[in-house]
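Note: the block below is input-v9.txt and it holds compact mmCIF, C-alpha atoms.
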# COMPACT_ATOMS: atom_id res chain seq x y z
CA MET R 642 107.14 222.72 52.16
CA ILE R 643 103.72 221.78 50.79
CA TYR R 644 101.65 222.36 53.94
CA ASP R 645 99.94 225.51 55.14
CA LYS R 646 99.70 225.14 58.92
CA ASN R 647 97.31 227.99 59.66
CA ILE R 648 94.12 226.65 61.19
CA SER R 649 91.23 227.31 58.89
CA LYS R 650 87.63 228.06 59.87
CA THR R 651 86.31 226.10 56.90
CA LEU R 652 87.29 222.81 55.31
CA GLU R 653 88.45 222.32 51.73
CA GLN R 654 89.57 219.54 49.44
CA GLY R 655 93.12 218.48 50.33
CA ASP R 656 92.84 219.43 54.03
CA ILE R 657 94.61 217.08 56.40
CA LEU R 658 92.85 216.12 59.63
CA LYS R 659 93.97 213.99 62.57
CA ASN R 660 92.24 211.84 65.20
CA ILE R 661 89.03 211.44 63.24
CA PRO R 662 86.68 208.44 63.48
CA LYS R 663 86.93 205.95 60.65
CA ILE R 664 83.80 203.91 60.01
CA THR R 665 83.79 201.46 57.13
CA PRO R 666 82.02 198.12 56.65
CA ASN R 667 84.99 196.59 58.52
CA GLN R 668 83.88 198.38 61.68
CA ILE R 669 80.39 196.93 61.51
CA ASN R 670 79.55 193.29 62.04
CA PHE R 671 78.10 192.60 58.61
CA ASP R 672 77.55 188.92 59.42
CA HIS R 673 74.81 190.05 61.81
CA ILE R 674 73.34 192.35 59.17
CA LYS R 675 73.49 189.56 56.59
CA ASP R 676 71.60 187.14 58.88
CA TYR R 677 69.07 189.77 59.84
CA TRP R 678 68.51 190.78 56.20
CA LYS R 679 68.14 187.19 55.01
CA ASN R 680 65.71 186.31 57.81
CA THR R 681 63.63 189.41 57.12
CA PHE R 682 63.37 188.64 53.40
CA GLN R 683 62.47 185.05 54.08
CA SER R 684 59.67 185.93 56.49
CA SER R 685 57.78 188.15 54.10
CA HIS R 686 54.44 187.29 55.68
CA LYS R 687 55.53 188.68 59.07
CA LEU R 688 56.43 192.13 60.23
CA PRO R 689 60.23 192.65 60.28
CA THR R 690 61.95 192.82 63.65
CA LYS R 691 63.92 195.83 64.76
CA GLY R 692 67.51 195.80 63.47
CA THR R 693 70.19 197.44 65.61
CA PHE R 694 73.85 196.95 64.94
CA GLN R 695 77.05 197.97 66.67
CA VAL R 696 79.62 200.20 65.05
CA LYS R 697 83.17 200.57 66.35
CA PRO R 698 84.86 203.69 64.99
CA ILE R 699 88.63 203.49 64.80
CA LEU R 700 91.01 206.40 65.33
CA SER R 701 92.39 207.61 62.01
CA ASN R 702 94.14 210.45 60.15
CA GLY R 703 92.81 211.44 56.75
CA VAL R 704 92.83 213.81 53.81
CA ILE R 705 89.64 215.34 52.38
CA LEU R 706 88.91 214.14 48.85
CA SER R 707 85.48 215.75 48.52
CA GLN R 708 85.36 218.78 46.29
CA SER R 709 85.22 221.99 48.30
CA CYS R 710 81.76 222.88 46.97
CA ASP R 711 80.43 219.60 48.43
CA ILE R 712 81.72 220.34 51.92
CA ARG R 713 78.63 221.84 53.51
CA PRO R 714 75.88 221.08 56.06
CA GLY R 715 73.76 218.05 55.31
CA PHE R 716 76.51 216.32 53.35
CA SER R 717 79.17 213.82 54.29
CA ILE R 718 82.83 214.49 53.60
CA LEU R 719 84.87 211.83 51.82
CA PHE R 720 88.26 211.04 53.37
CA ALA R 721 91.15 208.87 52.31
CA GLU R 722 93.24 207.43 55.11
CA LEU R 723 96.81 208.51 55.81
CA THR R 724 98.97 205.60 56.79
CA ASN R 725 102.57 205.11 57.94
CA ILE R 726 105.18 203.83 55.56
CA PRO R 727 106.16 200.25 56.54
CA GLU R 728 108.97 200.46 59.06
CA ASN R 729 112.50 200.45 57.68
CA LYS R 730 111.24 200.36 54.10
CA ILE R 731 112.18 203.90 53.16
CA SER R 732 115.69 203.61 51.82
CA SER R 733 118.53 205.37 53.61
CA ASN R 734 120.18 205.69 50.20
CA LEU R 735 119.19 209.19 49.05
CA LYS R 736 119.22 208.43 45.33
CA LYS R 737 117.03 205.36 45.77
CA ARG R 738 114.68 207.20 48.12
CA ILE R 739 114.15 210.04 45.66
CA ARG R 740 113.55 207.52 42.88
CA ASN R 741 110.93 205.72 45.00
CA ILE R 742 109.16 208.95 45.96
CA LYS R 743 108.94 209.94 42.30
CA LYS R 744 107.58 206.48 41.43
CA ILE R 745 104.84 206.80 44.05
CA ILE R 746 103.84 210.29 42.99
CA ARG R 747 103.99 209.81 39.24
CA ASP R 748 103.29 206.14 38.57
CA ASP R 749 101.28 204.58 41.36
CA THR R 750 97.52 204.99 41.20
CA ARG R 751 96.62 203.56 44.62
CA ILE R 752 98.87 205.62 46.91
CA HIS R 753 100.11 209.20 47.17
CA TYR R 754 103.12 210.52 49.06
CA PHE R 755 103.06 213.13 51.86
CA PRO R 756 106.55 214.35 52.78
CA THR R 757 107.98 215.14 56.22
CA ASP R 758 107.62 218.51 57.86
CA ASN R 759 109.40 218.92 61.18
CA GLU R 760 107.00 221.65 62.26
CA ILE R 761 103.98 219.32 62.06
CA GLU R 762 103.77 216.47 64.57
CA LEU R 763 101.86 214.18 62.19
CA PHE R 764 104.54 214.58 59.50
CA LYS R 765 107.63 213.98 61.60
CA GLU R 766 107.79 210.95 59.32
CA PRO R 767 106.46 210.80 55.75
CA LYS R 768 103.01 209.33 55.19
CA LEU R 769 101.14 207.59 52.42
CA LEU R 770 97.59 208.28 51.33
CA ASP R 771 95.70 205.10 50.51
CA PHE R 772 92.93 205.73 47.97
CA LYS R 773 91.50 202.29 48.72
CA SER R 774 90.87 203.19 52.36
CA LEU R 775 87.95 205.60 52.05
CA TYR R 776 85.31 206.66 54.53
CA PHE R 777 82.71 209.35 55.09
CA ILE R 778 82.20 211.66 58.05
CA PRO R 779 79.21 214.01 58.27
CA PHE R 780 79.98 217.71 57.93
CA GLU R 781 78.25 218.37 61.27
CA PHE R 782 80.95 216.39 63.10
CA PHE R 783 83.42 219.21 62.41
CA GLN R 784 81.09 222.16 62.82
CA ASP R 785 82.49 224.62 65.43
CA ASN R 786 85.12 222.00 66.13
CA ILE R 787 87.65 222.15 63.29
CA GLN R 788 90.58 223.27 65.45
CA ASN R 789 90.54 219.95 67.33
CA PHE R 790 91.25 218.00 64.15
CA PHE R 791 92.90 220.35 61.63
CA VAL R 792 96.54 219.58 60.80
CA GLY R 793 97.22 221.53 57.60
CA ARG R 794 96.14 222.41 54.11
CA LEU R 795 97.92 221.46 50.89
CA LYS R 796 99.33 224.45 49.09
CA SER R 797 97.98 225.13 45.61
CA ASN R 798 100.47 223.20 43.42
CA ALA R 799 100.52 220.18 45.74
CA LEU R 800 96.71 220.21 45.78
CA LYS R 801 96.65 220.07 41.97
CA VAL R 802 98.79 216.93 42.03
CA LEU R 803 96.44 215.35 44.59
CA ILE R 804 93.41 216.24 42.45
CA GLU R 805 95.02 214.66 39.41
CA LYS R 806 95.77 211.48 41.38
CA ILE R 807 92.18 211.33 42.70
CA SER R 808 90.97 211.52 39.14
CA ARG R 809 93.44 208.84 38.00
CA PHE R 810 92.45 206.47 40.80
CA PHE R 811 88.74 206.64 40.03
CA THR R 812 89.14 206.46 36.26
CA ARG R 813 91.96 203.90 36.06
CA LEU R 814 91.42 201.00 33.74
CA ALA R 815 91.72 197.48 35.11
CA TYR R 816 93.68 195.18 32.82
CA GLU R 817 96.15 192.32 32.94
CA ASP R 818 99.73 193.23 31.98
CA VAL R 819 100.14 189.74 30.50
CA MET R 820 98.12 190.65 27.40
CA PHE R 821 101.07 192.78 26.20
CA LEU R 822 103.57 189.91 26.59
CA SER R 823 104.43 186.99 24.33
CA GLY R 824 106.31 183.67 24.34
CA ASP R 825 108.98 183.37 27.07
CA GLU R 826 107.87 186.70 28.51
CA ILE R 827 104.53 185.14 29.49
CA SER R 828 106.16 182.13 31.23
CA GLN R 829 108.60 184.34 33.12
CA TYR R 830 105.80 186.72 34.12
CA LEU R 831 103.54 183.91 35.36
CA ASN R 832 106.39 182.40 37.44
CA GLU R 833 106.78 185.65 39.36
CA LEU R 834 103.14 185.88 40.41
CA SER R 835 101.43 184.61 43.54
CA GLU R 836 99.06 181.64 43.17
CA GLU R 837 95.96 183.84 43.07
CA GLU R 838 97.43 186.34 40.60
CA ARG R 839 98.70 183.53 38.35
CA ILE R 840 95.24 182.00 38.03
CA ILE R 841 93.77 185.36 36.96
CA ALA R 842 96.61 185.99 34.49
CA GLU R 843 96.29 182.47 33.02
CA ASN R 844 92.56 183.00 32.51
CA THR R 845 93.35 186.20 30.61
CA VAL R 846 95.86 184.35 28.40
CA ASN R 847 93.32 181.58 27.74
CA LYS R 848 90.60 184.08 26.81
CA PHE R 849 92.90 185.75 24.28
CA ASN R 850 93.82 182.35 22.82
CA GLU R 851 90.18 181.32 22.28
CA MET W 926 94.33 175.58 92.85
CA THR W 927 97.05 178.22 92.67
CA GLU W 928 100.58 177.33 93.65
CA VAL W 929 100.34 179.42 96.82
CA GLN W 930 97.02 177.88 97.78
CA SER W 931 98.33 174.36 97.20
CA VAL W 932 101.09 174.92 99.76
CA LEU W 933 98.96 176.68 102.36
CA PHE W 934 96.17 174.16 102.20
CA ASP W 935 98.14 170.96 101.82
CA GLU W 936 96.80 169.12 104.87
CA ASP W 937 99.11 166.15 104.23
CA LEU W 938 102.11 168.47 104.31
CA LEU W 939 100.92 170.06 107.55
CA LYS W 940 100.32 166.61 109.10
CA GLU W 941 103.73 165.47 107.98
CA THR W 942 105.38 168.51 109.54
CA SER W 943 103.52 168.01 112.83
CA GLN W 944 104.43 164.32 112.84
CA SER W 945 108.09 165.12 112.24
CA LEU W 946 108.02 167.55 115.18
CA LEU W 947 106.34 164.94 117.37
CA ASN W 948 108.87 162.26 116.37
CA ALA W 949 111.72 164.64 117.08
CA TYR W 950 110.29 165.34 120.53
CA SER W 951 109.68 161.62 121.25
CA ASN W 952 113.23 160.75 120.29
CA TYR W 953 114.51 163.52 122.48
CA GLU W 954 112.35 162.33 125.37
CA ILE W 955 113.70 158.79 125.04
CA TYR W 956 117.25 160.11 124.90
CA GLU W 957 116.73 162.27 127.98
CA GLU W 958 115.16 159.40 129.88
CA ASN W 959 118.09 157.16 129.10
CA GLN W 960 120.52 159.90 130.16
CA PHE W 961 118.58 160.42 133.39
CA ILE W 962 118.52 156.71 134.29
CA ASP W 963 122.25 156.47 133.65
CA ASP W 964 123.28 159.61 135.49
CA THR W 965 121.04 159.98 138.55
CA THR W 966 119.41 158.06 141.40
CA PRO W 967 115.70 157.61 141.08
CA PHE W 968 113.46 160.05 142.87
CA ASP W 969 109.99 161.58 142.36
CA PHE W 970 109.83 164.39 139.80
CA GLU W 971 107.15 166.36 137.98
CA THR W 972 105.75 164.81 134.74
CA SER W 973 105.81 168.09 132.73
CA SER W 974 109.22 169.29 131.45
CA PRO W 975 110.38 172.67 130.05
CA ILE W 976 111.37 171.02 126.74
CA LYS W 977 107.92 169.51 126.22
CA ASP W 978 106.30 172.89 126.97
CA PHE W 979 108.71 174.50 124.49
CA PHE W 980 107.67 172.14 121.70
CA ASN W 981 104.01 172.67 122.55
CA PHE W 982 104.64 176.40 122.44
CA ILE W 983 106.29 176.13 118.97
CA GLY W 984 103.34 174.06 117.72
CA ILE W 985 100.82 176.64 118.93
CA ILE W 986 102.77 179.52 117.39
CA LEU W 987 103.11 177.70 114.05
CA ASN W 988 99.41 176.91 114.02
CA LYS W 989 98.51 180.56 114.70
CA LEU W 990 100.98 181.73 112.04
CA VAL W 991 99.54 179.43 109.38
CA ASN W 992 95.98 180.56 110.22
CA SER W 993 97.03 184.22 110.03
CA ILE W 994 98.69 183.66 106.67
CA LYS W 995 95.53 181.93 105.44
CA GLU W 996 93.41 184.89 106.56
CA ILE W 997 95.74 187.44 104.94
CA TYR W 998 95.77 185.38 101.78
CA PHE W 999 91.96 185.26 101.64
CA ASN W 1000 91.83 189.03 102.03
CA ILE W 1001 94.39 189.51 99.27
CA LYS W 1002 92.45 187.14 97.01
CA GLU W 1003 89.32 189.25 97.42
CA ILE W 1004 90.99 192.45 96.24
CA LEU W 1005 93.10 190.80 93.51
CA PRO W 1006 90.62 191.45 90.63
CA GLU W 1007 90.49 195.16 91.56
CA PHE W 1008 94.26 195.31 91.87
CA PHE W 1009 94.62 193.54 88.51
CA ASP W 1010 92.26 196.06 86.91
CA ILE W 1011 94.31 198.97 88.29
CA PHE W 1012 97.52 197.33 87.10
CA ILE W 1013 96.19 196.87 83.55
CA GLU W 1014 94.92 200.47 83.51
CA SER W 1015 98.38 201.69 84.58
CA ILE W 1016 99.98 199.77 81.75
CA LEU W 1017 97.53 201.24 79.24
CA LEU W 1018 98.14 204.76 80.58
CA TYR W 1019 101.87 204.15 80.29
CA SER W 1020 101.31 203.19 76.66
CA LYS W 1021 99.18 206.31 76.09
CA SER W 1022 101.93 208.73 77.07
CA LYS W 1023 103.75 210.27 74.10
CA GLU W 1024 107.17 209.21 75.38
CA THR W 1025 106.24 205.58 75.88
CA LYS W 1026 103.64 205.20 73.14
CA ASN W 1027 102.88 201.59 72.25
CA LYS W 1028 105.90 200.30 74.16
CA ILE W 1029 104.19 197.71 76.34
CA LEU W 1030 106.69 194.95 76.99
CA PHE W 1031 104.28 192.30 78.26
CA ASN W 1032 101.07 191.00 76.82
CA PHE W 1033 97.85 190.49 78.76
CA LYS W 1034 98.22 186.74 79.16
CA GLN W 1035 101.70 187.04 80.68
CA ILE W 1036 100.42 189.52 83.27
CA TYR W 1037 97.33 187.39 83.92
CA ASP W 1038 99.47 184.27 84.49
CA ILE W 1039 101.47 186.07 87.19
CA PHE W 1040 98.35 187.28 88.97
CA GLN W 1041 96.76 183.86 88.59
CA PHE W 1042 99.75 182.33 90.42
CA PHE W 1043 98.80 184.46 93.42
CA GLY W 1044 95.14 183.51 93.26
CA LEU W 1045 93.43 185.72 90.66
CA GLU W 1046 90.35 183.91 89.43
CA GLU W 1047 88.07 186.67 88.20
CA ILE W 1048 88.62 189.47 85.67
CA TYR W 1049 86.16 192.35 85.88
CA PRO W 1050 84.21 193.40 82.75
CA LYS W 1051 85.61 196.92 83.13
CA THR W 1052 89.14 195.55 82.58
CA PHE W 1053 88.15 194.14 79.19
CA ASP W 1054 86.29 197.37 78.36
CA LYS W 1055 89.41 199.44 79.06
CA ILE W 1056 91.45 197.30 76.68
CA ASN W 1057 88.65 197.57 74.09
CA ALA W 1058 88.63 201.37 74.24
CA SER W 1059 92.43 201.53 74.19
CA MET W 1060 92.51 199.54 70.97
CA GLN W 1061 89.88 201.75 69.34
CA TRP W 1062 91.96 204.80 70.23
CA LYS W 1063 95.20 203.08 69.20
CA ILE W 1064 96.62 203.34 72.69
CA CYS W 1065 97.49 199.67 72.69
CA SER W 1066 98.15 197.23 69.91
CA PRO W 1067 95.62 194.51 68.98
CA ASP W 1068 98.42 192.05 69.81
CA PHE W 1069 98.11 192.88 73.52
CA ILE W 1070 95.38 190.28 73.99
CA THR W 1071 94.43 187.39 71.70
CA GLN W 1072 91.11 185.93 70.60
CA ASP W 1073 92.33 182.50 71.71
CA PHE W 1074 92.85 183.70 75.27
CA LEU W 1075 89.45 185.43 75.37
CA LYS W 1076 87.61 182.39 73.98
CA SER W 1077 89.42 180.06 76.37
CA TYR W 1078 88.71 182.33 79.35
CA LYS W 1079 85.06 182.60 78.32
CA ASN W 1080 84.77 178.81 78.11
CA SER W 1081 86.21 178.45 81.62
CA LEU W 1082 83.49 180.65 83.13
CA LEU W 1083 80.65 179.17 85.15
CA SER W 1084 77.15 179.04 83.67
CA ASN W 1085 75.89 181.68 86.14
CA THR W 1086 78.51 184.26 85.05
CA SER W 1087 77.14 187.78 84.70
CA LYS W 1088 75.89 188.89 81.28
CA ASP W 1089 78.04 192.02 81.57
CA LEU W 1090 81.22 189.96 81.66
CA ILE W 1091 80.18 187.81 78.68
CA SER W 1092 79.20 190.94 76.76
CA SER W 1093 82.54 192.65 77.49
CA ILE W 1094 84.47 189.60 76.33
CA ASP W 1095 82.38 189.28 73.15
CA ASP W 1096 82.82 192.98 72.49
CA LEU W 1097 86.58 192.69 72.75
CA ILE W 1098 86.59 189.67 70.46
CA SER W 1099 84.59 191.65 67.89
CA ILE W 1100 87.06 194.53 67.87
CA LEU W 1101 89.94 192.08 67.48
CA LEU W 1102 88.12 190.71 64.42
CA ILE W 1103 87.86 194.25 63.05
CA PHE W 1104 91.61 194.73 63.46
CA GLU W 1105 92.22 191.37 61.82
CA LYS W 1106 90.38 192.59 58.72
CA GLU W 1107 92.33 195.87 58.81
CA LYS W 1108 95.56 193.90 59.08
CA ARG W 1109 94.70 191.82 56.01
CA ASN W 1110 94.06 195.03 54.05
CA ASN W 1111 97.29 196.54 55.32
CA ILE W 1112 99.31 193.48 54.32
CA LYS W 1113 98.03 193.87 50.76
CA LEU W 1114 98.90 197.58 50.83
CA GLU W 1115 102.36 196.81 52.22
CA LYS W 1116 103.02 194.34 49.40
CA ASP W 1117 102.07 196.97 46.83
CA ILE W 1118 104.27 199.56 48.54
CA LEU W 1119 107.23 197.17 48.78
CA LYS W 1120 106.99 196.47 45.07
CA ILE W 1121 107.53 200.18 44.49
CA LEU W 1122 110.17 200.73 47.18
CA ASN W 1123 112.39 197.78 46.27

Mind turning this structure into structure tokens?
Amino acid sequence: MIYDKNISKTLEQGDILKNIPKITPNQINFDHIKDYWKNTFQSSHKLPTKGTFQVKPILSNGVILSQSCDIRPGFSILFAELTNIPENKISSNLKKRIRNIKKIIRDDTRIHYFPTDNEIELFKEPKLLDFKSLYFIPFEFFQDNIQNFFVGRLKSNALKVLIEKISRFFTRLAYEDVMFLSGDEISQYLNELSEEERIIAENTVNKFNE
Amino acid sequence: MTEVQSVLFDEDLLKETSQSLLNAYSNYEIYEENQFIDDTTPFDFETSSPIKDFFNFIGIILNKLVNSIKEIYFNIKEILPEFFDIFIESILLYSKSKETKNKILFNFKQIYDIFQFFGLEEIYPKTFDKINASMQWKICSPDFITQDFLKSYKNSLLSNTSKDLISSIDDLISILLIFEKEKRNNIKLEKDILKILN
């Protein structure tokens, strides 16, 4: 419903592309870079040695987050990765499924929901957009080549929702929920957290009590 | 030594078999002699007998058969690494096809163990490179081969092993590390998603 499948000659914000190379710090051996950098700094009296590092791009599907006016030669396009929903986690109960989809779209800042479309191979199953999995690809990679990667374009109203979520993700405020709780609520809340999360929440409580 | 090798080249076993044959013949000879003394009057006869020739004949045939099997086995051993490479490539191509995507039933170590039973000792660098590329292009899962296996295989190599092989193994280990990091990120994402979906 929300996808325009006509292959475009240009790229715009909200376009969905498949089989693109994802390169993030994970795909580079940063331990090597760290050693090389440290050694170079420490030998300031010598000329630095040549630094060459391996990169291993991984196959990925993504959605363009860059504003359309920034998608031009000489610039890199920002993508967020499309990922599969964990297997068997989408409820078969229709009411629950609809409730969950609404929660993702309206409440969650990290992920966005892309529904199924039986006419598009990539969307035979619904997908999630992960705003924390971001990467850049140079514009030139797609020049004269878009048809090999283009899946679809978000229609206008769906694009507006995506734009609003992009804005929310990058401007969201980080805070601990525990500061709005009191008494038994705090104990109950702390009991439900993982070890790591509990330590952070307890530190917040202690800071407020100082 | 592989299981097959240990049977083919067990000299003690071969000696034992020959000895058993010889004992069987000796016992038969004694029995025949006793029968002959009992049943007939003594007269001059030839020292060679058809039965002795028959046993000799069996011994020669067996010897030739074992040597032929050894030769065939050596030839098979020489082409095993190439055959293993083709087999792994076939599995990866099977996994690449849309209909059978990511449906490999065996992992690398299981396949390697079978080939090792028949004498595989060497894995070509190109085999590791094919797995590496397949992982990058999500043709096969990072679970297909483990870091533990790669490190253990690398440690078993001789000191004069080619740099290409070491480099291919290290390369594959590095991509497995990349996928490990991705997996850790994905686990965190999954937890967040499950909080919403439950």

Exercise: region 721-726 of chain R partners within 9 Å, all atoms listed in the file, chain neighbours under 3 positions left out, as a list in words: Ile657, Lys663, Ser701, Asn702, Gly703, Val704, Ile705, Leu706, Asn729, Lys730, Ile731, Phe755, Glu766, Pro767, Lys768, Leu769, Leu770, Asp771, Phe772, Lys773, Ser774, Leu775, Tyr776 and Phe777 of chain R; Glu1115 and Ile1118 of chain W

Closest atom pairs, chain W residues within 8 Å of chain R, only C-alpha atoms, as CSV:
residue,atom,partner,partner_atom,distance
W:Gln1061,CA,R:Ile699,CA,5.0
W:Trp1062,CA,R:Leu700,CA,5.2
W:Lys1063,CA,R:Leu700,CA,6.6
W:Ser1099,CA,R:Asn670,CA,7.9
W:Ile1100,CA,R:Lys697,CA,7.3
W:Ile1103,CA,R:Asn667,CA,5.9
W:Lys1106,CA,R:Asn667,CA,6.7
W:Glu1107,CA,R:Asn667,CA,7.4
W:Glu1115,CA,R:Pro727,CA,6.7
W:Leu1119,CA,R:Lys730,CA,7.4
W:Ile1121,CA,R:Asn741,CA,6.5
W:Leu1122,CA,R:Asn741,CA,5.5

Distance criterion (all atoms listed in the file): nearest to Ile1001 (chain W) out of W:Ser1059, W:Asp1096, W:Thr1086, W:Phe1043: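 Under the stated criterion, the closest residue is W:Phe1043.
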
Neighbour residues at most 8 Å from (91.2, 193.8, 86.1) (only C-alpha atoms) as number ranges by chain: W: 1006-1013, 1048-1053

Atomic separation - CA of Glu760 (chain R) relative to CA of Lys646 (chain R), Å: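 Calculated distance between CA of Lys646 (chain R) and CA of Glu760 (chain R) is 8.8 Å.
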
Polymer residues at most 6 Å from region 1064-1079 of chain W, only C-alpha atoms, same-chain spacing of 2 or more positions, as a list in words: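 Returned residues: Lys1021, Asn1027, Asn1032, Phe1033, Ser1059, Met1060, Trp1062, Ser1081, Leu1082 and Ile1098 of chain W.
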
d(CA of Ile807 (chain R), CA of Arg794 (chain R)) in Å: 16.4 Å

Two-atom distance - CA of Glu653 (chain R), CA of Val802 (chain R) (Å):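 Distance between the two atoms: 15.2 Å.
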
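Non-sequential neighbours of Phe849 (chain R) (distance at most 12 Å, separation of 2 or more positions within a chain, only C-alpha atoms) are R:Glu817, R:Val819, R:Met820, R:Phe821, R:Leu822, R:Ser823, R:Ala842, R:Glu843, R:Asn844, R:Thr845, R:Val846, R:Asn847, R:Glu851.
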
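Nearest residue to Leu1102 (chain W) among W:Leu1114, W:Lys1120, W:Asn1057, W:Leu1045 is W:Asn1057, counting only C-alpha atoms.
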
Non-local contacts of Asp645 (chain R) (12 Å; all atoms listed in the file; under 3 positions in same chain excluded) as a list in words: Met642, Ile648, Ser649, Gly655, Asp656, Ile657, Asp758, Glu760, Ile761, Phe791, Val792, Gly793, Arg794, Leu795, Lys796, Ser797, Asn798, Ala799 and Leu800 of chain R

Just the selected residues (C-alpha atoms), exported as a PDB file, keeping the file's coordinate frame, please.
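Once everything was written out, this is out-v7.pdb:
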ATOM      1  CA  MET R 642     107.140 222.720  52.160  1.00  0.00           C
ATOM      2  CA  ILE R 648      94.120 226.650  61.190  1.00  0.00           C
ATOM      3  CA  SER R 649      91.230 227.310  58.890  1.00  0.00           C
ATOM      4  CA  GLY R 655      93.120 218.480  50.330  1.00  0.00           C
ATOM      5  CA  ASP R 656      92.840 219.430  54.030  1.00  0.00           C
ATOM      6  CA  ILE R 657      94.610 217.080  56.400  1.00  0.00           C
ATOM      7  CA  ASP R 758     107.620 218.510  57.860  1.00  0.00           C
ATOM      8  CA  GLU R 760     107.000 221.650  62.260  1.00  0.00           C
ATOM      9  CA  ILE R 761     103.980 219.320  62.060  1.00  0.00           C
ATOM     10  CA  PHE R 791      92.900 220.350  61.630  1.00  0.00           C
ATOM     11  CA  VAL R 792      96.540 219.580  60.800  1.00  0.00           C
ATOM     12  CA  GLY R 793      97.220 221.530  57.600  1.00  0.00           C
ATOM     13  CA  ARG R 794      96.140 222.410  54.110  1.00  0.00           C
ATOM     14  CA  LEU R 795      97.920 221.460  50.890  1.00  0.00           C
ATOM     15  CA  LYS R 796      99.330 224.450  49.090  1.00  0.00           C
ATOM     16  CA  SER R 797      97.980 225.130  45.610  1.00  0.00           C
ATOM     17  CA  ASN R 798     100.470 223.200  43.420  1.00  0.00           C
ATOM     18  CA  ALA R 799     100.520 220.180  45.740  1.00  0.00           C
ATOM     19  CA  LEU R 800      96.710 220.210  45.780  1.00  0.00           C
TER      20      LEU R 800
END

Residue among W:Lys1088, W:Leu1101, W:Glu1003, W:Asn952 lying closest to Ala1058 (chain W), counting only C-alpha atoms: W:Leu1101
